[in-house]
Amino acid sequence: MLYEYIDLIETVGIKLFFVALFFLIGMAIQDVLKKGNVPQFGRVAVWFVLCFGMAGFVFKEVLIAVWETQI
C-alpha cells in the first residue's frame, strides 16, 4: 500500500521541505534586519521582495496544477 502512494508522499514531502526552508530563511533575515538596525523602509523593501518571490513559487504550483487537470 505504501508503494502505491510513494509519488504522493514524495510530492508532499518536497513541498513541506520548501515551506520549512522559506520559513527558516525568513527567520534568518528577520534576525539580520533586527541586529543590523535597518531602517523601516529597508525592512519593508526586503519583506516585499521575499513575499513577491514566494508568491511566484505559489503561482507556479497553482499554474502547474491547473495545467495538469486540463490535459
# chains A, B, ... in the order shown; residues from 1 in each chain; ligands from 1
call {"tool": "residues_around", "arguments": {"residues": "stretch 18-30 of chain A", "least_positions_apart": "2", "cutoff": "9 Å", "atoms": "only C-alpha atoms", "output": "PyMOL selection string"}}
result
chain A and resi 13-16+32-35+43+46-47+50+54
call {"tool": "write_last_selection", "arguments": {"atoms": "N, CA, C and O atoms", "output": "compact mmCIF listing (two decimals), in the first residue's frame"}}
result
# COMPACT_ATOMS: atom_id res chain seq x y z
N GLY A 13 6.20 15.71 0.66
CA GLY A 13 7.44 15.91 1.41
C GLY A 13 8.29 17.03 0.85
O GLY A 13 8.83 17.85 1.60
N ILE A 14 8.40 17.10 -0.45
CA ILE A 14 9.18 18.17 -1.08
C ILE A 14 8.53 19.52 -0.85
O ILE A 14 9.21 20.51 -0.53
N LYS A 15 7.21 19.59 -0.95
CA LYS A 15 6.52 20.86 -0.72
C LYS A 15 6.66 21.31 0.73
O LYS A 15 6.86 22.49 1.02
N LEU A 16 6.56 20.38 1.67
CA LEU A 16 6.77 20.72 3.07
C LEU A 16 8.21 21.16 3.34
O LEU A 16 8.44 22.05 4.15
N VAL A 32 18.72 39.16 11.03
CA VAL A 32 19.74 40.06 10.48
C VAL A 32 19.23 41.50 10.43
O VAL A 32 19.96 42.44 10.75
N LEU A 33 17.96 41.67 10.05
CA LEU A 33 17.40 43.02 9.99
C LEU A 33 17.33 43.67 11.38
O LEU A 33 17.59 44.86 11.53
N LYS A 34 16.98 42.88 12.39
CA LYS A 34 16.89 43.43 13.74
C LYS A 34 18.27 43.76 14.30
O LYS A 34 18.46 44.81 14.91
N LYS A 35 19.22 42.88 14.11
CA LYS A 35 20.57 43.11 14.65
C LYS A 35 21.33 44.18 13.89
O LYS A 35 22.23 44.80 14.44
N ARG A 43 13.47 47.48 5.69
CA ARG A 43 12.78 46.25 6.12
C ARG A 43 11.58 45.95 5.23
O ARG A 43 11.37 44.82 4.83
N VAL A 46 12.80 44.64 1.87
CA VAL A 46 13.27 43.25 1.96
C VAL A 46 12.10 42.28 2.03
O VAL A 46 12.05 41.28 1.32
N TRP A 47 11.12 42.58 2.88
CA TRP A 47 9.97 41.68 3.02
C TRP A 47 9.11 41.66 1.76
O TRP A 47 8.55 40.62 1.41
N LEU A 50 10.90 39.36 -0.66
CA LEU A 50 10.75 37.96 -0.24
C LEU A 50 9.35 37.44 -0.53
O LEU A 50 9.18 36.34 -1.05
N MET A 54 8.20 34.46 -3.12
CA MET A 54 7.45 33.31 -2.66
C MET A 54 6.12 33.20 -3.41
O MET A 54 5.67 32.10 -3.74
call {"tool": "atom_distance", "arguments": {"atom1": "atom CA of A:Ala65", "atom2": "atom CA of A:Thr11"}}
result
12.4 Å
call {"tool": "atom_distance", "arguments": {"atom1": "atom CA of A:Thr69", "atom2": "atom CA of A:Leu8"}}
result
15.8 Å
call {"tool": "atom_distance", "arguments": {"atom1": "atom CA of A:Glu10", "atom2": "atom CA of A:Val49"}}
result
28.9 Å
